Amino acid sequence: MITYLYVEDDEDIREGFMAVMEAPHREIVGVESAEAALAVGDPGRFDVLVTDVSLPGMSGTDLARQWLAADSERHVLLISGYEFKQGLGSIGPNVRALLKSAEPEELEAMLERIEALLPASPQ
């Protein structure tokens, strides 16, 4: 099972993305803010952080930096209304970005690319 922590302040967008992300091999926990993400508990239980960049309070990029402080090799997918031209590598080596307007197939393809890079779970 691959576990995702998904952060999006807009409930409709959060529910829509979670529906697209849904798959038998995925567990998705959705929260409405970076602060709620930090309060979820052990961040090590999640394989991937997916977060909106523009959040009230702490931004998604600041959340990603905090998420990566414990392990810079963790995987992060930043979702934004604006295209990142550069700078993702300065956040972490496994940080990717996707436009909020991406088609469901683009989101699924990105998740599959990330999942292919995750270490195999012990059986």
# chains A, B, ... in the order shown; residues from 1 in each chain; ligands from 1
$ residues_around --residues "Asp62 (chain A)" --least-positions-apart "3" --cutoff "12 Å" --atoms "only C-alpha atoms" --output "list in words"
Ser33, Ala34, Glu35, Ala37, Leu38, Thr51, Asp52, Val53, Ser54, Leu55, Pro56, Gly57, Met58, Ser59, Arg65, Gln66, Trp67, Leu68, Ala69, Val76, Leu78, Ile91 and Gly92 of chain A
$ closest_atom_pairs --of "region 44-113 of chain A" --to "region 19-31 of chain A" --cutoff "12 Å" --atoms "only C-alpha atoms" --output "tab-separated table"
residue	atom	partner	partner_atom	distance
A:Arg45	CA	A:Glu27	CA	10.8
A:Phe46	CA	A:Val29	CA	9.1
A:Asp47	CA	A:Glu27	CA	9.9
A:Val48	CA	A:Ile28	CA	9.6
A:Leu49	CA	A:Val29	CA	9.9
A:Val50	CA	A:Gly30	CA	9.4
A:Thr51	CA	A:Val31	CA	9.6
A:Asp52	CA	A:Val31	CA	10.9
A:Leu55	CA	A:Val31	CA	11.3
A:Ala102	CA	A:Val20	CA	11.4
A:Glu103	CA	A:Val20	CA	9.8
A:Pro104	CA	A:Val20	CA	6.3
A:Glu105	CA	A:Val20	CA	8.8
A:Glu106	CA	A:Val20	CA	10.4
A:Leu107	CA	A:Met21	CA	7.7
A:Glu108	CA	A:Met21	CA	6.8
A:Ala109	CA	A:Met21	CA	10.4
A:Met110	CA	A:Met21	CA	10.4
A:Leu111	CA	A:Met21	CA	8.0
A:Glu112	CA	A:Met21	CA	10.3
$ select_by_dssp --residues "chain A" --states "alpha helix (DSSP H)" --output "ChimeraX atom specification"
/A:11-21,34-39,60-69,88-91,104-117
$ atom_distance --atom1 "CA of His75 (chain A)" --atom2 "CA of Ile114 (chain A)"
7.4 Å
$ residues_around --residues "Lys100 (chain A)" --least-positions-apart "3" --cutoff "7 Å" --atoms "only C-alpha atoms" --output "PyMOL selection string"
chain A and resi 79-81
